[in-house]
Amino acid sequence: MKTMRRNTLSVLVENSSGVLSQVSRLFSRKGYNIESLAVGTTDDPAVSRITIEVMGDDKMIEQVMNQLRKLFPVYSVQLLPPNDSIRRELVLIKVKAESREVRNEVIQIANIFRASIIDVSPQSLTLAVIGEESKDNALEKLLMEFGILELVRTGMVALERGATTINDDNKEKGEFNLGKSVL
């Protein structure tokens, strides 16, 4: 019996056009759905970090990781175990708040969840919250009673805990000449 669970992959890639398309096409060809995807440059502007969350069993994840490593613009691939990584996403939520009482109640809820009020109008409040998926979902559920006007999520980003960094021993060090070592 296959045990399907959410897996977080961290992938260092060349920061150039078409790379994200190549990576996402790999998942599409295999019929795997990406649950969450976040991409951004690293401390080296020539390198981007892609954080991908995908449901799968051990065999499927190992297969995807091996195929990612074969892509030319991929420098490193790492599976981030839940206990050894920090996962966060940013959620922006615009809530209907047409009275002072409602605004005060929404602000109290925001304070409990350590959310920031980033925009105020006579008809609405916009909150920003950074956290684990369960925290974000709990806040969303509470704000539903006021009327959510809009909601957007960035997708999960993740890093290894402690001094551990992304490292992929399947690529030889120095294989890519970036002027700065990423491995």
# chains A, B, ... in the order shown; residues from 1 in each chain; ligands from 1

call {"tool": "closest_atom_pairs", "arguments": {"of": "range 20-113 of chain A", "to": "range 131-139 of chain A", "cutoff": "7 Å", "atoms": "only C-alpha atoms", "output": "Markdown table"}}
result
| residue | atom | partner | partner_atom | distance |
| --- | --- | --- | --- | --- |
| A:Arg87 | CA | A:Glu132 | CA | 6.3 |
| A:Arg88 | CA | A:Gly131 | CA | 4.8 |
| A:Glu89 | CA | A:Gly131 | CA | 5.6 |
| A:Leu90 | CA | A:Gly131 | CA | 6.8 |

call {"tool": "residues_around", "arguments": {"residues": "range 33-48 of chain A", "least_positions_apart": "4", "cutoff": "6 Å", "atoms": "only C-alpha atoms", "output": "JSON, numbers by chain"}}
result
{"A": [12, 13, 14, 15, 52, 53, 54, 155]}

call {"tool": "write_last_selection", "arguments": {"atoms": "N, CA, C and O atoms", "output": "PDB file, in the first residue's frame"}}
result
ATOM      1  N   LEU A  12      17.622  24.175  -6.449  1.00  0.00           N
ATOM      2  CA  LEU A  12      18.418  25.312  -6.900  1.00  0.00           C
ATOM      3  C   LEU A  12      18.594  25.198  -8.404  1.00  0.00           C
ATOM      4  O   LEU A  12      18.994  24.137  -8.902  1.00  0.00           O
ATOM      5  N   VAL A  13      18.270  26.291  -9.115  1.00  0.00           N
ATOM      6  CA  VAL A  13      18.321  26.267 -10.576  1.00  0.00           C
ATOM      7  C   VAL A  13      18.995  27.525 -11.097  1.00  0.00           C
ATOM      8  O   VAL A  13      19.107  28.532 -10.407  1.00  0.00           O
ATOM      9  N   GLU A  14      19.396  27.446 -12.353  1.00  0.00           N
ATOM     10  CA  GLU A  14      19.916  28.613 -13.059  1.00  0.00           C
ATOM     11  C   GLU A  14      18.784  29.635 -13.167  1.00  0.00           C
ATOM     12  O   GLU A  14      17.653  29.289 -13.516  1.00  0.00           O
ATOM     13  N   ASN A  15      19.067  30.882 -12.867  1.00  0.00           N
ATOM     14  CA  ASN A  15      18.066  31.949 -12.942  1.00  0.00           C
ATOM     15  C   ASN A  15      18.012  32.467 -14.375  1.00  0.00           C
ATOM     16  O   ASN A  15      18.669  33.442 -14.729  1.00  0.00           O
ATOM     17  N   ILE A  52       8.853  23.351  -4.058  1.00  0.00           N
ATOM     18  CA  ILE A  52       7.726  22.626  -4.646  1.00  0.00           C
ATOM     19  C   ILE A  52       7.144  21.699  -3.594  1.00  0.00           C
ATOM     20  O   ILE A  52       7.882  20.949  -2.958  1.00  0.00           O
ATOM     21  N   GLU A  53       5.827  21.752  -3.428  1.00  0.00           N
ATOM     22  CA  GLU A  53       5.150  20.782  -2.566  1.00  0.00           C
ATOM     23  C   GLU A  53       4.304  19.893  -3.455  1.00  0.00           C
ATOM     24  O   GLU A  53       3.551  20.376  -4.310  1.00  0.00           O
ATOM     25  N   VAL A  54       4.457  18.591  -3.259  1.00  0.00           N
ATOM     26  CA  VAL A  54       3.765  17.617  -4.091  1.00  0.00           C
ATOM     27  C   VAL A  54       3.362  16.424  -3.227  1.00  0.00           C
ATOM     28  O   VAL A  54       4.091  16.040  -2.309  1.00  0.00           O
ATOM     29  N   GLY A 155       2.251  30.458  -1.784  1.00  0.00           N
ATOM     30  CA  GLY A 155       2.842  29.140  -1.927  1.00  0.00           C
ATOM     31  C   GLY A 155       3.900  28.989  -0.843  1.00  0.00           C
ATOM     32  O   GLY A 155       4.431  29.981  -0.334  1.00  0.00           O
TER      33      GLY A 155
END

call {"tool": "residues_around", "arguments": {"residues": "range 110-126 of chain A", "least_positions_apart": "5", "cutoff": "10 Å", "atoms": "only C-alpha atoms", "output": "list in words"}}
result
Val91, Leu92, Ile93, Lys94, Val95, Lys96, Ala97, Glu98, Ser99, Arg100, Val102, Arg103, Asn104, Glu105, Gly131, Lys135, Asp136, Ala138, Leu139, Leu143, Phe146, Gly147, Ile148, Leu149, Glu150 and Leu151 of chain A

call {"tool": "atom_distance", "arguments": {"atom1": "CA of Leu79 in chain A", "atom2": "CA of Val152 in chain A"}}
result
25.8 Å
